[in-house]
Each structure stands twice: as C-alpha cells, then as structure tokens.
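Structure first, commentary second.
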Amino acid sequence: MENIKKEVLPDGEMVMEDILAKYPPKVAKKRSKSIVPNDSSREQSIQSNVRTVPGIITQRGCCYAGCKGVVLGPTRDIINLTHGPIGCGFFSWLTRRNQTRPGPEGDNYMPYCFSTDMQDDNIVFGGEKKLKEAIQEAYDIFHPKAIGIFATCPVGLIGDDIHAVAREMKEKLGINIFGFSCEGYKGVSQSAGHHIANNQIFKHVVGLDDKRKKGKFLINLLGEYNIGGDAFLIEDLFERCGLTLISTFSGNSSIEQFANCHTADLNLVMCHRSINYVADMLEKKFGIPWMKINFIGANASAVSLRQIGKYFNDKELSRRIEKVIAEEMPAVEEARKEVMPHTKGKLAMIFVGGSRAHHYQGLFAEIGMSTIAAGYEFAHKDDYEGRKVLPDLKVDADSRNIEELVVEKDPERYKPRKSQEELNKLKKAGVRMKEYDGMMPDMVKNSFVIDDISQHETEMLIAKYKPAVFCAGIKEKYTVQKRGVPMKQLHSYDYGGPFAVFKGAVNFYREMDRTINSKVWGLIKPPWDSSPEITATFGSE
Amino acid sequence: MKTREKLDAATQNPCKLCAPLGASIVFRGIRGALPFLHGSQGCSTYIRRYLINHFREPVDIASSNFSEETTIFGGKQNLLDGLKNICRQYQPEIIGVASTCLSETIGDDVPMILREFFLKSTSEILPKIVSVSTPSYSGTHMDGFHNAVLSVVSAIAARGNKLRQIGIFPGLVSSADIRYLKEVMGDFGLDHVILPDYSETLDGGPWTEYQKIQQGGTSVGQIASLGHSSGIIEFGDSLKMKETAGTFLEKHFSVPRFASGLPIGIKLTDLFFKLLEKMSGREIPSKYRLARSRLVDSYVDGHKHLFEKKAVVYGDEDIVIAVASFLFEIGVVPVLCATGARTGTIKRVLPEIASAYDKKITVCEGIDFEQIYEKTENLDADFMIGNSKGYYIARKRGIPLIRIGFPIHDRIGAQRILHLGYRGTQQLFDRIVNTVIEKRQEASSVGYSYI
C-alpha cells in the first residue's frame, strides 16, 4: 500500500457526487449509502445486502444460482435436479469452473444438467407428478447416493411441495433425497441461496457418518469452491504439513465428506460470507471451533498455516508447516522479483463475490499493486466492517424469509475441542478464533468501497481512476476491455489459475504481468485517430 | 443402466434454451435499444452471462428485480420503477420488455402496466416500449426470438408510400451472417432493412468513449418502414405454421412475403439468389457467380473425402434442416438430425429434401443431449456438427465436432462464423473436409502429409 501516492487519489466525496448525479434523486439517495470513500481511521458504515433497485443493471444473480450453482454445484456425487422450466437448469450447467477428482471408481454427476423442464400444463396442473417421475428416472439410471431438488421461481407460486415429494421418494428409494426452496425471487442476491443450501446440507447430511478418520489433526475447509483447481493446491499443502482434511464445503467435495465433517477438530473459514453460519452451527452442535483463514496470497497463506499450527499446539506440526513454507517461498520470491518492475505502483479494482474482493488485495500488494476500489456483489455488512457489527444488524424482511436454523448441543456428540481456558490462552498467543475484521480496515484512505456496483458506477470509476487492471466477472469483462483497460475475471479466473497458496500466487503474479503489459493495449488506438483522450485510458501506461 | 429412450420425465443436458434469451438477442439488434426482463434478477444475469460468453461483447439487460413481496403483490411497481431508472441512466430510444416464467405465472399484464407508464410519466422524451410474452415453460429460445421480432414489427411497422426496399428477417444467425446479407443486398442494388441487426452491436471494436448502448442496429424508423416495403424475406422452415413478422406484414400491410430455409448449401442459396434476381431485376453479380462456381469446384475436389461419411446434426430446427440439406449435397449422410424443440418442423420438412436418404436418417425432436449420446452409440458417425453443448458427446465417442450456431462457448469468434450464402457454405465445407482429413491423418500409422 505504501506505493500509492496521495495525489493519485482524488477526493472521494467529489468523485461520489459525480457518480450519483446520473441517478434520479431517490435512487441517488439509496446508492449513496452503498458507496463509501474509505477512511479506516474512523468508524464507517456501508449499506449492503439490500435489494437492487429495479432497472439498475447489477452484477448479482439469484437465490437459485447461489444454492444450486455455488454450493451444491461443486459436489460431485449428488444428483442436482432443477424443478422448473428449462432456462435455469441450462444456465447453471457446468458454467462455474469448479474442479473435482472423483477417482477412477467415484461418481461424478457435475457434467450433467438434470431438469424437469416444466411445460405449460405443469404450471397449470402442478408439477409434483413430473418431479416424482424425474427422481425415479434419475435413480433408475444412476443409482446415486443422494438427490437434491432445486425449486425455481414458478414452483413456489404454483405450490408444488418439493419437500413432501422428497420425503416420499426418500422412503421409496432408500437414498438421501432433500429439497431446496431456493426460488429465484427470494433474498436479495445469490447469498440467500448459499444460506438455504448450507442449511439443508446441515439438516440432511451433516452428522450421518460418525466414523473418525485416521490422522492427528483433523480439519474442515469451509467456503473454498475449487475454482481453477485452488483446492487441489491447498489439499497438497495440508498433506505435506500433516493435516488431515475431512471435508471441503464445497470444492472437490462429496456428500460422504459432508456426512463425516463433524468429526474434525478445527474448521477453517475461507469465504466468510457464504459459510460462516455453517461454522457457527458446527461449533454449537458439535463443539468444533473455527478460524478465518486466507489462502490467497503467499503471505496470507503462510500466516494462515502458522495460525493452524498454533491452534493444534504441536511442535512437530509447526516444524512441518515451517518446512513447507520454506520450500515454497523461494519460487514465490523469484517470481515476485521478476514481475515487480512491471507491476509496482499500479492500481487495481476488484468487484467480486463475498470474499475475493478482500482476499485478492493482499495478492496484489505482494507485487506492489494497490487496490483503490473494491466491493462485493452479494456480501453483508460484516464482510465489510467485521463481525463486530453482528450484534447490531437489523434483520430485514428479505433476510427474515431465509430460514435461520436453531441449533443446540448434540446430546451425545457435542465435545468442545478446546476448553475456555485453552481458547483464552490461544487468544493471548495471537490466535484469532471466530474473528473477521472485514475488508474496509485493510483499504487505504480515499479508496472506494462500493457494494453491488452497477454498470454505470463501474464506468465512472474507470474513467476517473484509469486502473491498470479491473477484476470482476464475465458480465463486466468486455465493457472494461472495450475501454482499453485490462480485465481479469475473478469468478472463473478467465479459465486460468489456480491462484491459491504459493504456487497459485506465482501463477497470478505472472498472469498479471502478462495481462497488464500485453502489447495488445497499444494497438487499440488506430493511427488515423487523433482523439487525444483515449491514450489516458490505457491501463498499461 | 437403463437407456433413456422410454423415459422422458427428466431432461438431461437440454438441447434448447429459454424464451427470454431469444427475445434479448433480438432487442440487442435494434438501435438504441435496451432489453428488459420482467422477473427475478437471476434471469437477466444468467442470460447476460450466456450471451456475453458467446459474442464476447458487453450485453446489458435490465431487470425488474422481483422480490418475494413483488411476487405476492404483482410486479407492476417494480416494472414502473425499473423503466424510469433505465430511461434516466441509459436514455434508450426503445426498450424491449420480455416477460419471464415468474411474471407470467403470477399473471402480470405487461401491456397494461406499460400504458400506465406512459400515462403517468411526466418526462417529455420517452422511449418506445415494446413487450413480448416469453414464458420459458412454452417453447424454446427460438420461439422467444421469433415472437420478439413479431412483437417489434407489429408494434412499430407503419403505413406509408411504397418503398423499393426489402425487409429481411434472418432468424438467429451470426453477426458475420448479417454483415454478409447486407453485402449481398448492396451488391444487388437493393435497399434493405434487416431485423434484428446485431452485426455491430454484438461484434464491435474498442470504444473511444463509453457507450451506454452499443452503436448499430436496426433503427425504429427502419422498422416502421417495413410496413411499406416492397417485399419481405423470412428465413426459417420452423416459421411455416405460425404467425410471424412476415405473415403479419403480409396480412396487415399487404407486403409480399417470401419464406425460405436458411441459405446454407448450394440448393438453398441458389433459391435465395434467384429470389434476389427477381426482386432487383438484375442478374446475379459476377462476384457471386464466381463464388458459386468455386464452391462447386471444391465440392468436386473434396468429394472423395466426404462421400458416404456420416454426421450427427443438432441444434435449432432451422439450422439443422439447412445444414442437413447441405450435407446431402456434399455426399454426407446426416444419420441423426436432432433438436430440443417440439414443433414437428424437421419431421415435416426433411423428408421433402431427403427422400432418397430417408431410410438412413433418424430425426429426433424434443430430445436432450443424453438421448443424442445414447442414439450415437451404434451410428458409427464420422463427425458431429452443432453448438458447443454437444462437445462432451463428441469427446466420449472420439469423433470431431464442427462448431456452428448458438451457443459456442469453447471457441473464440462464434459471432464471426459465417454460415450463409456461397461464402458461408464454402467456409463450412472447407472446415468439414479438413476435419475429416485431419481425423484420418491422425489415425494413420505413417502420418502422411500428402493427402
């Protein structure tokens, strides 16, 4: 962050005025609460997780997308059956780049799209019969261990009871079948879908298999979706350190792992937004503590591994962790030195997800780049301002509609992994359990924090700051690149990656170097075009 | 494991997309237009993502962002608010509102809400607003596409002094196809209006300044002038049994309509050029004469590689029919012709084209990719031709896939694939022959480079 010169950043309030000028007064008032010129020296608050104003073109997806696409999508051995007309199933068919390794004998249904493909008569007369037949059909063909049913918008309206159908078919077929009421209109974004998905997994799968796996240090990794193979790199590190991974929610994941996850002794939370409630529920019901970790960036990865070492308080484990870090760092340093002259002092903007807009800031900082504007697509207030705001959060109508599970101590299986005394000791030793400070404290003064950024705001930011790289998703990609600004997708990684931990950091450094300094940006202005202003928009200059 | 032939409750890997997607493409081909989906924001987000990935261009689609409350009390207020905000931010010349399965199921009366919007609005400059009903539980993306063209034309076409001008409704073709049609019409000296025209909006260059709505597209004025054009050409065999923009203009404006399949292959392209000769009163320009003759020459050169080869053709009905007809010409048997649509068009039209072959051909409508996969088991096909979604079948069967149509997400330049006319056919033909040669070459133990 020290690379950033003060004069680079214009006064935030003035920029904000310009951005809002285009909106009708009511919209401007609403959006003004979601745009914050950052100043971590004082208490600041941002409006988030509120409904997108109709007609504002948003990055956000829907509840169904979050439930089926994000959380269950990466789980290979459950058949995900979309109950609805064809569009929703088609659009969520193998479009995220979650990777999986089923092994030679393992089931993998991820390449398939199952849908009841509802027609007019199903809307008029109800679709339950067709749903039952579709479940039977999926069972007859594949004999899966589990089937999940996902409701789309019309299903909630016509009153199909997917949960009753699930119960009936579960009894009939003797496999685990359960439904998700994740109609697209629920909640304010895909975040509602994450919550619904996790609740149902917790209710219907977690705890079904009590067998404790071999290993001294059993962990779960929560909120890692294995885009571009990130989880594979993390798994490799864990193995080399001597940590035994029970389950990942949900990348390279299986239903069997979920069933067994309550046997772990520590939960690591990667994406706080999508999964923190699972971490809380696992702690309440089974006594497993959790810590927020970050495996994006070499420095953050080293810090995270050391925290895990301290938690287990085992000399041999800590020794192995240090050994692994020492093995990994030389290649990281070498790549860093190589790209630094080309990247140092450049500006980045990140508008994605519920955690990446924060996590990737550290990775950029490692190659001398500052993030001057960032925001989430579907995060809540605590992801921006930290968990300290949780007690004061007001539950609005949209959140109230999403079921909040009431979890109690499991009468037989609750076993606190650490006593209160041990937890206090850990805290003194600098191990931060159940804490997350959010994105805003990590950002420099006058940088921008914007929730649910619109197309218009994106354009204004680019025009004002001319960043070297803009990170978002496919929907923003070409608008940004049309302006001659390099763009990196951080949902799909532009079909590249992995970017996690040390080897991933090396990939990312080199990819940023190539992206920002590609010769192609120099060709955008034709020789016969004398308009002077466009040169200013070239990210590489 | 059971085969799925007798089962059809679940669709497994669908070979069709949903109606609002088709309507959105049409609206992106109108100048100054912004598509607007009346429903959950997920519909617009999913469809944007899909179109952006195919065209590799920005595609903005607004939404009325339904909430649970909207769903219960109706979407009127959200639609009104959304339109107001869009007008202010984007200043569109026209807004295309397509419904979704959500708004259709709750029964929102979109035309009535739009009337209210105009009545209540205090702003002086208001865009045109056109609406189309596109519930995704009826038909496919192609129905959404054709219905949107019909809605736009029926809302805007106007009477006037007869123009010496031809209107073309090409259907869902590539940006390059639209550019080609313009070139052909220009070479015949025919004034023309193509609807939709996303040749620039969905295949454009970098911007010197931000474009809220990409430049290009058919203007509202041009659409109005369709009502007093001298003729209409409408591509697509699937349109024969339904009301279309062309039949609407014929019925209400007495504009003569000429319907034809997509001009792919010599036979269908000849028909198209014959028609243009008639319409323009000119002979076919020598440029096209030469292109046709080069194409025929290449058919002769390539025939030894292609005769009796077997192909699986799948996708939208109109492209499947036109490509199958082209394959007959070059000696390839389209052993399986498949589509996710259920209108009966392929079964009706294909035997007319392919009477000599029909015993060797299986036609499947309302099919999904998993059924196509099963059907290919004993077909011993040499290649597949269709969109990206059949790739996994080609991969499992170990045969090449030649990518055409929509959607193509695993190659660059989908919007630049030329399918139509002598030139498009030439490009398709060369790709097909070379694919077959490559497969043989790779299978050869020697690795001949002299073929």
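In the structure tokens, each chain is lettered A, B, ... as it comes, each chain's residues begin at 1, and ligands are numbered from 1 in order of appearance.
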Pick out the chain B residues within 7 Å of chain A. Count only C-alpha atoms. Give them as a PyMOL selection string. chain B and resi 1-2+7+9-14+17-18+40-42+45-46+48-49+52+56-58+61-68+78+81-83+85-86+88-89+101-102+105+136-138+206-208
Leaving out stretch 194-197 of chain A and any residue of its chain fewer than 6 positions from it, which residues lie within 9 Å of it when counting only C-alpha atoms, given as a PDB file with C-alpha atoms, in the first residue's frame?
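Below you can see out_31.pdb, which holds the result:
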ATOM      1  CA  CYS A  63     -31.155 -17.313  -4.901  1.00  0.00           C
ATOM      2  CA  TYR A  64     -31.321 -20.396  -7.138  1.00  0.00           C
ATOM      3  CA  ALA A  65     -27.937 -19.522  -8.660  1.00  0.00           C
ATOM      4  CA  GLY A  66     -26.348 -19.338  -5.220  1.00  0.00           C
ATOM      5  CA  CYS A  67     -27.965 -22.506  -3.979  1.00  0.00           C
ATOM      6  CA  LYS A  68     -27.618 -24.841  -6.922  1.00  0.00           C
ATOM      7  CA  VAL A  70     -22.414 -22.279  -5.989  1.00  0.00           C
ATOM      8  CA  VAL A  71     -22.827 -24.586  -3.039  1.00  0.00           C
ATOM      9  CA  LEU A  72     -24.125 -27.860  -4.440  1.00  0.00           C
ATOM     10  CA  PHE A 180     -34.128 -26.628  -1.527  1.00  0.00           C
ATOM     11  CA  SER A 181     -36.755 -23.866  -1.596  1.00  0.00           C
ATOM     12  CA  CYS A 182     -34.432 -21.542  -3.450  1.00  0.00           C
ATOM     13  CA  ARG A 273     -19.855 -14.716   3.517  1.00  0.00           C
ATOM     14  CA  SER A 274     -21.103 -17.954   2.114  1.00  0.00           C
ATOM     15  CA  ILE A 275     -20.330 -20.242   5.005  1.00  0.00           C
ATOM     16  CA  TYR A 277     -23.229 -19.845   9.589  1.00  0.00           C
ATOM     17  CA  VAL A 278     -22.135 -23.443   8.961  1.00  0.00           C
ATOM     18  CA  ILE A 402     -34.489 -17.202   4.822  1.00  0.00           C
ATOM     19  CA  GLU A 403     -34.699 -19.885   7.445  1.00  0.00           C
ATOM     20  CA  GLU A 404     -32.359 -19.486  10.403  1.00  0.00           C
TER      21      GLU A 404
END
Which parts of stretch 438-515 of chain A does DSSP call strand (DSSP E or B) when run on the backbone here, written out as JSON, numbers by chain? {"A": [448, 449, 450, 469, 470, 471, 472, 487, 488, 489, 500]}
Would you mind exporting N, CA and C atoms of the selected residues as a compact mmCIF listing (two decimals), in the first residue's frame?
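Dumped to out19.txt:
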# COMPACT_ATOMS: atom_id res chain seq x y z
N PHE A 448 -12.17 3.50 -2.69
CA PHE A 448 -13.62 3.39 -2.69
C PHE A 448 -14.10 2.00 -2.32
N VAL A 449 -15.11 1.98 -1.49
CA VAL A 449 -15.76 0.71 -1.21
C VAL A 449 -17.20 0.83 -1.72
N ILE A 450 -17.58 -0.04 -2.63
CA ILE A 450 -18.91 0.07 -3.24
C ILE A 450 -19.58 -1.30 -3.23
N VAL A 469 -5.69 -2.57 -13.86
CA VAL A 469 -6.47 -3.79 -14.06
C VAL A 469 -7.78 -3.69 -13.28
N PHE A 470 -8.82 -4.22 -13.87
CA PHE A 470 -10.12 -4.24 -13.22
C PHE A 470 -10.52 -5.70 -13.09
N CYS A 471 -10.88 -6.11 -11.88
CA CYS A 471 -11.24 -7.51 -11.67
C CYS A 471 -12.73 -7.62 -11.37
N ALA A 472 -13.42 -8.43 -12.10
CA ALA A 472 -14.84 -8.70 -11.83
C ALA A 472 -15.19 -10.01 -12.52
N MET A 487 -8.64 -6.54 -18.01
CA MET A 487 -9.67 -7.05 -17.13
C MET A 487 -9.39 -8.50 -16.79
N LYS A 488 -9.48 -8.81 -15.51
CA LYS A 488 -9.26 -10.19 -15.08
C LYS A 488 -10.51 -10.69 -14.39
N GLN A 489 -11.01 -11.82 -14.85
CA GLN A 489 -12.17 -12.41 -14.20
C GLN A 489 -11.74 -13.12 -12.93
N ALA A 500 -4.49 -20.04 -5.72
CA ALA A 500 -4.41 -20.14 -4.25
C ALA A 500 -3.00 -20.49 -3.81
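By chain and then residue number, the residues within 9 Å of B:Met279 are B:Ile166, B:Leu190, B:Ser230, B:Gly231, counting only C-alpha atoms and disregarding those fewer than 6 positions away in sequence.
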Export N, CA and C atoms of the chosen residues as a short mmCIF file (atom, residue, chain, number, x, y, z; two decimals), in the first residue's frame?
data_model
loop_
_atom_site.label_atom_id
_atom_site.label_comp_id
_atom_site.auth_asym_id
_atom_site.auth_seq_id
_atom_site.Cartn_x
_atom_site.Cartn_y
_atom_site.Cartn_z
N ILE B 166 -36.37 -4.02 -49.41
CA ILE B 166 -36.68 -5.39 -48.98
C ILE B 166 -36.39 -5.52 -47.48
N LEU B 190 -30.14 -3.46 -53.82
CA LEU B 190 -31.43 -3.47 -53.13
C LEU B 190 -31.35 -2.74 -51.79
N SER B 230 -41.32 -3.18 -50.31
CA SER B 230 -41.84 -3.88 -51.50
C SER B 230 -41.82 -5.39 -51.33
N GLY B 231 -41.11 -5.88 -50.34
CA GLY B 231 -41.11 -7.33 -50.12
C GLY B 231 -40.42 -7.70 -48.82
#
Non-local contacts of stretch 263-266 of chain B (8 Å; only C-alpha atoms; under 4 positions in same chain excluded) as a list in words: Phe235, Asp270, Leu271, Phe272, Arg292, Ala322, Val323, Ser325, Phe326, Leu327, Glu329, His419, Leu420, Gly421, Tyr422, Gly424 and Thr425 of chain B
Requested write-out: N, CA and C atoms of the selected residues, as a compact mmCIF listing (two decimals), in the first residue's frame:
# COMPACT_ATOMS: atom_id res chain seq x y z
N PHE B 235 -36.35 -16.10 -43.30
CA PHE B 235 -35.68 -17.40 -43.28
C PHE B 235 -36.20 -18.26 -42.14
N ASP B 270 -28.97 -20.96 -53.96
CA ASP B 270 -29.47 -20.66 -55.32
C ASP B 270 -30.88 -20.07 -55.26
N LEU B 271 -31.71 -20.69 -54.45
CA LEU B 271 -33.09 -20.19 -54.31
C LEU B 271 -33.10 -18.73 -53.86
N PHE B 272 -32.24 -18.45 -52.88
CA PHE B 272 -32.15 -17.10 -52.33
C PHE B 272 -31.68 -16.11 -53.41
N ARG B 292 -19.99 -19.12 -56.45
CA ARG B 292 -20.74 -20.37 -56.59
C ARG B 292 -19.90 -21.38 -57.35
N ALA B 322 -31.26 -26.79 -42.62
CA ALA B 322 -30.42 -26.23 -43.69
C ALA B 322 -29.09 -26.97 -43.79
N VAL B 323 -28.52 -27.29 -42.65
CA VAL B 323 -27.23 -27.99 -42.68
C VAL B 323 -27.41 -29.42 -43.20
N SER B 325 -29.59 -30.40 -45.34
CA SER B 325 -29.76 -30.27 -46.78
C SER B 325 -28.42 -30.06 -47.48
N PHE B 326 -27.57 -29.26 -46.88
CA PHE B 326 -26.22 -29.02 -47.39
C PHE B 326 -25.39 -30.31 -47.37
N LEU B 327 -25.52 -31.06 -46.27
CA LEU B 327 -24.74 -32.30 -46.17
C LEU B 327 -25.12 -33.30 -47.26
N GLU B 329 -26.02 -32.59 -50.20
CA GLU B 329 -25.36 -32.11 -51.42
C GLU B 329 -23.93 -32.60 -51.55
N HIS B 419 -22.19 -18.69 -41.87
CA HIS B 419 -22.91 -19.90 -42.27
C HIS B 419 -23.59 -19.74 -43.62
N LEU B 420 -23.96 -18.50 -43.97
CA LEU B 420 -24.92 -18.29 -45.06
C LEU B 420 -24.26 -18.04 -46.41
N GLY B 421 -25.01 -18.30 -47.45
CA GLY B 421 -24.61 -17.96 -48.81
C GLY B 421 -23.51 -18.86 -49.33
N TYR B 422 -23.04 -18.53 -50.52
CA TYR B 422 -21.97 -19.32 -51.12
C TYR B 422 -20.70 -19.22 -50.27
N GLY B 424 -20.41 -18.52 -46.96
CA GLY B 424 -20.54 -19.26 -45.70
C GLY B 424 -20.47 -20.75 -45.93
N THR B 425 -21.12 -21.21 -46.99
CA THR B 425 -21.10 -22.64 -47.31
C THR B 425 -19.67 -23.08 -47.62
Secondary structure check, helix (DSSP H, G or I) residues of stretch 304-404 of chain A, as a ChimeraX atom specification: /A:304-312,315-343,356-366,381-385,387-392,397-400
Expected file: the selected residues, C-alpha atoms, as a compact mmCIF listing (two decimals), in the first residue's frame:
# COMPACT_ATOMS: atom_id res chain seq x y z
CA SER A 304 -2.90 -18.93 7.95
CA LEU A 305 -0.81 -22.09 8.15
CA ARG A 306 1.03 -20.79 11.21
CA GLN A 307 -2.28 -19.99 12.92
CA ILE A 308 -3.38 -23.57 12.34
CA GLY A 309 -0.08 -24.77 13.80
CA LYS A 310 -0.59 -22.65 16.90
CA TYR A 311 -4.14 -23.87 17.33
CA PHE A 312 -3.09 -27.51 17.50
CA LYS A 315 5.82 -28.92 17.82
CA GLU A 316 6.11 -31.47 15.07
CA LEU A 317 3.20 -29.92 13.19
CA SER A 318 4.67 -26.42 13.49
CA ARG A 319 8.04 -27.74 12.31
CA ARG A 320 6.47 -29.30 9.25
CA ILE A 321 4.50 -26.15 8.49
CA GLU A 322 7.68 -24.07 8.64
CA LYS A 323 9.40 -26.58 6.40
CA VAL A 324 6.63 -26.40 3.80
CA ILE A 325 6.64 -22.59 3.85
CA ALA A 326 10.42 -22.62 3.45
CA GLU A 327 10.10 -24.98 0.50
CA GLU A 328 7.52 -22.84 -1.21
CA MET A 329 8.86 -19.33 -0.68
CA PRO A 330 11.95 -19.29 -2.95
CA ALA A 331 9.88 -19.79 -6.11
CA VAL A 332 7.45 -17.13 -4.89
CA GLU A 333 10.26 -14.65 -4.27
CA GLU A 334 11.83 -15.34 -7.62
CA ALA A 335 8.58 -14.71 -9.49
CA ARG A 336 7.90 -11.62 -7.42
CA LYS A 337 11.26 -10.10 -8.28
CA GLU A 338 10.70 -10.87 -11.90
CA VAL A 339 7.33 -9.13 -12.23
CA MET A 340 7.73 -6.34 -9.67
CA PRO A 341 9.42 -3.87 -12.05
CA HIS A 342 6.41 -4.17 -14.37
CA THR A 343 3.66 -4.04 -11.77
CA ARG A 356 -12.35 -12.46 -3.13
CA ALA A 357 -12.61 -8.68 -3.37
CA HIS A 358 -10.85 -8.68 0.01
CA HIS A 359 -8.53 -11.67 -0.36
CA TYR A 360 -7.03 -10.62 -3.67
CA GLN A 361 -5.95 -7.24 -2.30
CA GLY A 362 -3.12 -8.96 -0.43
CA LEU A 363 -2.05 -10.82 -3.53
CA PHE A 364 -1.90 -7.58 -5.49
CA ALA A 365 0.06 -5.92 -2.70
CA GLU A 366 2.71 -8.65 -2.99
CA LYS A 381 -22.27 -5.71 6.42
CA ASP A 382 -19.98 -7.96 8.47
CA ASP A 383 -17.91 -8.81 5.39
CA TYR A 384 -17.12 -5.13 5.00
CA GLU A 385 -16.90 -3.92 8.57
CA ARG A 387 -18.03 -9.36 12.83
CA LYS A 388 -18.17 -6.65 15.47
CA VAL A 389 -21.27 -5.29 13.71
CA LEU A 390 -23.17 -8.59 14.01
CA PRO A 391 -24.98 -7.87 17.29
CA ASP A 392 -26.38 -4.63 15.85
CA ALA A 397 -37.84 -8.61 5.52
CA ASP A 398 -35.64 -10.23 2.92
CA SER A 399 -33.41 -11.92 5.48
CA ARG A 400 -36.34 -12.96 7.60
Could you jot down the atom CA of A:Lys344 to atom CA of A:Tyr376 separation for me, Å, one decimal place? 24.9 Å
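When the distance limit is 7 Å and only C-alpha atoms are what count, the residues near B:Val26, minus those fewer than 5 positions from it on the same chain, are B:Phe145, B:Ala148, B:Val149, B:Pro196.
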Quick one: of B:Glu116, B:Asp368, B:Glu93, B:Asp60, who's nearest to B:Gly217, counting only C-alpha atoms? B:Glu93
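Minimum distance to B:Gly144 across B:Phe328, B:Phe253, B:Phe27, B:Phe429 (counting only C-alpha atoms) occurs at B:Phe27.
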Tell me, as a short mmCIF file (atom, residue, chain, number, x, y, z; two decimals) with N, CA and C atoms, in the first residue's frame, which residues lie within 10 Å of A:Val205, counting only C-alpha atoms; anything in the same chain fewer than 6 positions away does not count.
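Writing done, so here's out-v6.cif:
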data_model
loop_
_atom_site.label_atom_id
_atom_site.label_comp_id
_atom_site.auth_asym_id
_atom_site.auth_seq_id
_atom_site.Cartn_x
_atom_site.Cartn_y
_atom_site.Cartn_z
N ALA A 146 -27.43 -39.69 -3.38
CA ALA A 146 -28.30 -38.59 -2.94
C ALA A 146 -28.82 -37.81 -4.14
N ASN A 176 -30.76 -40.77 0.15
CA ASN A 176 -30.98 -39.45 0.74
C ASN A 176 -31.51 -38.47 -0.32
N ILE A 177 -32.72 -38.00 -0.13
CA ILE A 177 -33.32 -37.05 -1.07
C ILE A 177 -33.86 -35.87 -0.28
N PHE A 178 -33.50 -34.67 -0.68
CA PHE A 178 -34.00 -33.50 0.02
C PHE A 178 -34.11 -32.31 -0.93
N ASN A 199 -27.99 -24.68 4.99
CA ASN A 199 -28.96 -25.16 5.98
C ASN A 199 -29.41 -26.58 5.68
N ILE A 255 -20.75 -35.84 -0.93
CA ILE A 255 -21.75 -35.97 0.12
C ILE A 255 -21.19 -36.76 1.30
N GLU A 256 -20.37 -37.75 1.02
CA GLU A 256 -19.78 -38.56 2.09
C GLU A 256 -18.91 -37.72 3.01
N GLN A 257 -18.18 -36.79 2.41
CA GLN A 257 -17.34 -35.91 3.25
C GLN A 257 -18.20 -35.04 4.16
N PHE A 258 -19.29 -34.51 3.60
CA PHE A 258 -20.18 -33.67 4.42
C PHE A 258 -20.72 -34.47 5.61
N ALA A 259 -21.08 -35.72 5.34
CA ALA A 259 -21.70 -36.55 6.37
C ALA A 259 -20.76 -36.77 7.55
N ASN A 260 -19.47 -36.68 7.27
CA ASN A 260 -18.45 -37.02 8.24
C ASN A 260 -17.77 -35.80 8.86
N CYS A 261 -18.16 -34.60 8.41
CA CYS A 261 -17.37 -33.41 8.74
C CYS A 261 -17.36 -33.07 10.23
#
Restricting the calculation to only C-alpha atoms, which member of A:Val431, A:Cys241, A:Ile372, A:Ala166 is positioned closest to A:Ile293? A:Val431
All residues 9 Å or closer to B:Val220, only C-alpha atoms, same chain fewer than 4 positions away omitted, as a PyMOL selection string: chain B and resi 30-32+93-94+128+156-157+224-225
Would you put the residues from that selection into a file with N, CA and C atoms, as a PDB file, in the first residue's frame?
ATOM      1  N   ILE B  30     -31.508  -3.911 -32.154  1.00  0.00           N
ATOM      2  CA  ILE B  30     -32.276  -2.713 -32.533  1.00  0.00           C
ATOM      3  C   ILE B  30     -31.517  -1.493 -32.038  1.00  0.00           C
ATOM      4  N   ARG B  31     -31.429  -0.466 -32.854  1.00  0.00           N
ATOM      5  CA  ARG B  31     -30.612   0.689 -32.498  1.00  0.00           C
ATOM      6  C   ARG B  31     -31.139   1.404 -31.262  1.00  0.00           C
ATOM      7  N   GLY B  32     -30.232   1.655 -30.343  1.00  0.00           N
ATOM      8  CA  GLY B  32     -30.594   2.391 -29.129  1.00  0.00           C
ATOM      9  C   GLY B  32     -31.516   1.625 -28.199  1.00  0.00           C
ATOM     10  N   GLU B  93     -33.533   4.624 -26.995  1.00  0.00           N
ATOM     11  CA  GLU B  93     -34.563   5.025 -27.959  1.00  0.00           C
ATOM     12  C   GLU B  93     -35.756   4.091 -27.851  1.00  0.00           C
ATOM     13  N   ILE B  94     -35.455   2.875 -27.447  1.00  0.00           N
ATOM     14  CA  ILE B  94     -36.513   1.872 -27.344  1.00  0.00           C
ATOM     15  C   ILE B  94     -36.145   0.879 -26.246  1.00  0.00           C
ATOM     16  N   LYS B 128     -39.682   4.440 -27.040  1.00  0.00           N
ATOM     17  CA  LYS B 128     -40.715   3.473 -27.406  1.00  0.00           C
ATOM     18  C   LYS B 128     -40.549   2.267 -26.490  1.00  0.00           C
ATOM     19  N   ILE B 156     -44.492  -1.460 -34.306  1.00  0.00           N
ATOM     20  CA  ILE B 156     -43.856  -0.276 -34.897  1.00  0.00           C
ATOM     21  C   ILE B 156     -44.137  -0.087 -36.389  1.00  0.00           C
ATOM     22  N   ALA B 157     -44.295  -1.171 -37.121  1.00  0.00           N
ATOM     23  CA  ALA B 157     -44.460  -1.038 -38.575  1.00  0.00           C
ATOM     24  C   ALA B 157     -45.615  -0.083 -38.894  1.00  0.00           C
ATOM     25  N   ALA B 224     -40.329   0.859 -38.770  1.00  0.00           N
ATOM     26  CA  ALA B 224     -41.607   1.428 -39.209  1.00  0.00           C
ATOM     27  C   ALA B 224     -41.759   1.273 -40.719  1.00  0.00           C
ATOM     28  N   SER B 225     -40.656   1.472 -41.433  1.00  0.00           N
ATOM     29  CA  SER B 225     -40.724   1.436 -42.896  1.00  0.00           C
ATOM     30  C   SER B 225     -40.970   0.037 -43.452  1.00  0.00           C
TER      31      SER B 225
END
In Å and to one decimal, atom CA of B:Phe406 is distant from atom CA of B:Phe55 by 9.7 Å
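In terms of minimum interatomic distance to B:Gln415, B:Ala176 ranks closest within B:Ala354, B:Ala176, B:Leu114, B:Leu306, counting only C-alpha atoms.
Distance-wise, atom CA of A:Asp210 and atom CA of A:Asn198 end up 19.5 Å apart.
The residue that comes closest to A:Lys213, out of A:Lys29, A:Lys466, A:His380, A:His262 and on the basis of only C-alpha atoms, is A:His262.
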